[in-house]
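Q: Can you keep this structure in mind? I'll have questions shortly.
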Protein chains: 2
Amino acid sequence: MRDDPTQMAEQVSKVLRHLVLLLRRSSAGQPVTTQQYAVLGSLEHGPRRMTELAEEHAVQLPTMTVQINRLEYAGLVARGSDPADARVRTVELTGEGRDRLHAVRRARIARLAQDLAALTDDERDVLAAALPVLAKLGIDRTTQ
Amino acid sequence: MRDDPTQMAEQVSKVLRHLVLLLRRSSAGQPVTTQQYAVLGSLEHGPRRMTELAEEHAVQLPTMTVQINRLEYAGLVARGSDPADARVRTVELTGEGRDRLHAVRRARIARLAQDLAALTDDERDVLAAALPVLAKLGIDRTTQ
DNA sequence: CCCGGAATATTAGCCAGACTAAGTTAGTTG
DNA sequence: CAACTAACTTAGTCTGGCTAATATTCCGGG
């Protein structure tokens, strides 16, 4: 298959669709949405600026503004200011936000670990070997 | 790593996030949304009923109704009836819908193939081996 | 010093896509 | 045949994405 990129791409495409459905099914009814969870995750290691967050999550600034508004209203994050530049707003986790992040992460990891436990040792080896490759996919596609 | 499912789950989780971002970036500004594309794909081999489509895409019936409304308005699908049961509505591709499906598929496959071409032969082998494993992930998790 | 352009966010208004609740129409069954 | 069930649709709400327009603030050149 490696010598027929198109055929391989078709297989990859099918698998991606499967993974998307998996994620959709598994994230229904969670205490935070997957987007909110992702944003909270970005704040784990300290305050970030709005532009950073937007770029990191591949959304426009206004979208991130709205998401942060909701998280702030929910008490999970707090806005701050950069003393060196009055234009930038910083965002950081509140204690409750950190708790929520960790709780959701535990739940998600446990669910995934459960799925992985259903595999054989060999399958897990194969998958583990492929993870770095998947992480590399599309890394430097500059043209949209 | 295979012996520490939790650690592996964390790695898988990171890779999934990366793939989701990849998909988001690559599907911006396409002629049909990824959802619409997925629904069109379900119709490739003949008419389907609304309930089938909803279940296959892991959404509720009203959601599918709205999506089919839009596709119908765009002229990409047509609604029909089941002669044996007047309650069910069938949905099938129009000629234009089929054309659009194939065009979008070609574009997506080409993009993916391009990403794959950036990998080494060894990396493609590793990835190819992992595809069936990924497809198996979460296959029989009955409890939500 | 200040004026104009660039950078950072927010607001407003739009659309897609998800949900639940409620309504309609058509089969099915006691 | 009356009541229940099944298959959809409609209506209303929410999240999450976009663009355009609007503050604010910073910075550089005259």
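To be explicit about the labels: the chains of the structure tokens are called A, B, and onward in the order shown, and within each one the residues are counted from 1, while ligands get numbers from 1 in the order they are shown.
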Can you build me a table of chain B residues sitting at most 7 Å from chain A, with the closest atom pair per residue and its distance in Å to one decimal, using only C-alpha atoms, sorted by chain and residue number, as CSV?
A:
residue,atom,partner,partner_atom,distance
B:Arg2,CA,A:Arg124,CA,5.7
B:Pro5,CA,A:Ala113,CA,5.2
B:Thr6,CA,A:Ala113,CA,5.5
B:Ala9,CA,A:Ala113,CA,5.2
B:Glu10,CA,A:Ile109,CA,6.3
B:Val12,CA,A:Leu131,CA,7.0
B:Val15,CA,A:Ala135,CA,5.5
B:His18,CA,A:Ala135,CA,6.6
B:Leu21,CA,A:Ala58,CA,6.9
B:Leu22,CA,A:Gly138,CA,6.9
B:Arg25,CA,A:Ala58,CA,6.8
B:Ser26,CA,A:Gln144,CA,6.7
B:Ala58,CA,A:Arg25,CA,6.7
B:Ile109,CA,A:Ala9,CA,5.7
B:Leu112,CA,A:Ala9,CA,5.5
B:Ala113,CA,A:Ala9,CA,5.2
B:Asp115,CA,A:Gly138,CA,5.4
B:Leu116,CA,A:Pro5,CA,6.7
B:Ala117,CA,A:Pro5,CA,6.9
B:Asp121,CA,A:Arg2,CA,6.8
B:Glu123,CA,A:Val133,CA,6.2
B:Arg124,CA,A:Arg2,CA,5.7
B:Asp125,CA,A:Arg2,CA,6.1
B:Val126,CA,A:Ala130,CA,5.6
B:Leu127,CA,A:Ala130,CA,5.3
B:Ala129,CA,A:Val126,CA,6.7
B:Ala130,CA,A:Leu127,CA,5.3
B:Leu131,CA,A:Val15,CA,6.8
B:Val133,CA,A:Glu123,CA,6.3
B:Leu134,CA,A:Val15,CA,6.7
B:Ala135,CA,A:Val15,CA,5.5
B:Leu137,CA,A:Asp115,CA,6.2
B:Gly138,CA,A:Asp115,CA,5.4
B:Gln144,CA,A:Ser26,CA,6.9
Q: Give the strand (DSSP E) residues of chain B, as assigned by DSSP on the backbone, as a PyMOL selection string.
A: chain B and resi 48-49+77-82+85-93
Q: Would you mind listing, as a PyMOL selection string, all residues of chain A that have at least one atom within 10 Å of chain D, where only C-alpha atoms (C1' of nucleotides) are what counts?
A: chain A and resi 33+35+59-60+62-64+66-67+85-88
Q: Keeping only N, CA and C atoms, write the selected residues as a compact mmCIF listing (two decimals), in the first residue's frame.
A:
# COMPACT_ATOMS: atom_id res chain seq x y z
N THR A 33 -17.74 20.96 26.86
CA THR A 33 -17.64 20.53 25.47
C THR A 33 -16.17 20.26 25.14
N GLN A 35 -14.46 21.58 22.82
CA GLN A 35 -13.77 22.85 22.58
C GLN A 35 -13.36 23.49 23.89
N VAL A 59 -8.77 29.06 15.26
CA VAL A 59 -10.03 29.81 15.10
C VAL A 59 -9.69 31.30 15.03
N GLN A 60 -10.67 32.09 14.61
CA GLN A 60 -10.48 33.53 14.57
C GLN A 60 -10.62 34.10 15.97
N PRO A 62 -12.52 36.54 17.25
CA PRO A 62 -13.85 36.70 17.82
C PRO A 62 -14.43 35.39 18.36
N THR A 63 -14.10 34.30 17.69
CA THR A 63 -14.57 33.00 18.16
C THR A 63 -14.00 32.71 19.54
N MET A 64 -12.72 32.97 19.70
CA MET A 64 -12.10 32.71 21.00
C MET A 64 -12.67 33.65 22.06
N VAL A 66 -15.67 34.72 22.32
CA VAL A 66 -16.95 34.18 22.78
C VAL A 66 -16.73 32.96 23.68
N GLN A 67 -15.80 32.12 23.30
CA GLN A 67 -15.57 30.93 24.12
C GLN A 67 -15.06 31.32 25.50
N ASP A 85 1.58 45.94 28.22
CA ASP A 85 0.87 46.33 27.00
C ASP A 85 -0.63 46.28 27.27
N ALA A 86 -1.23 47.43 27.35
CA ALA A 86 -2.62 47.51 27.77
C ALA A 86 -3.59 46.96 26.74
N ARG A 87 -3.10 46.63 25.53
CA ARG A 87 -4.02 46.08 24.53
C ARG A 87 -4.32 44.62 24.79
N VAL A 88 -3.36 43.91 25.36
CA VAL A 88 -3.55 42.46 25.45
C VAL A 88 -4.31 42.07 26.71
Q: Can you work out the spacing between atom CA of Thr90 of chain B and atom C1' of DT24 of chain C in Å, to one decimal?
A: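 One can read the atom CA of Thr90 of chain B to atom C1' of DT24 of chain C distance as 17.9 Å.
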Q: Run DSSP on the backbone of this structure and report the residues of chain A it assigns to helix (DSSP H, G or I), as a PyMOL selection string.
A: chain A and resi 5-27+34-42+50-56+61-73+95-117+121-136
Q: Near chain B, meaning an atom within 9 Å, which residues of chain C appear when counting only C-alpha atoms (C1' of nucleotides)? Write them as a list of chain:residue names.
A: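 Residues of chain C within 9 Å of chain B, counting only C-alpha atoms (C1' of nucleotides): C:DA16, C:DG17, C:DA18, C:DC19, C:DT25, C:DA26, C:DG27.
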Q: If you measure from atom CA of Gly97 of chain B to atom CA of Val77 of chain B, what distance in Å do you get, rounded to one decimal?
A: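 Separation between atom CA of Gly97 of chain B and atom CA of Val77 of chain B: 6.0 Å.
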Q: When you draw a straight line from atom CA of Ala107 of chain A to atom CA of Val32 of chain A, how long is it in Å?
A: 11.6 Å
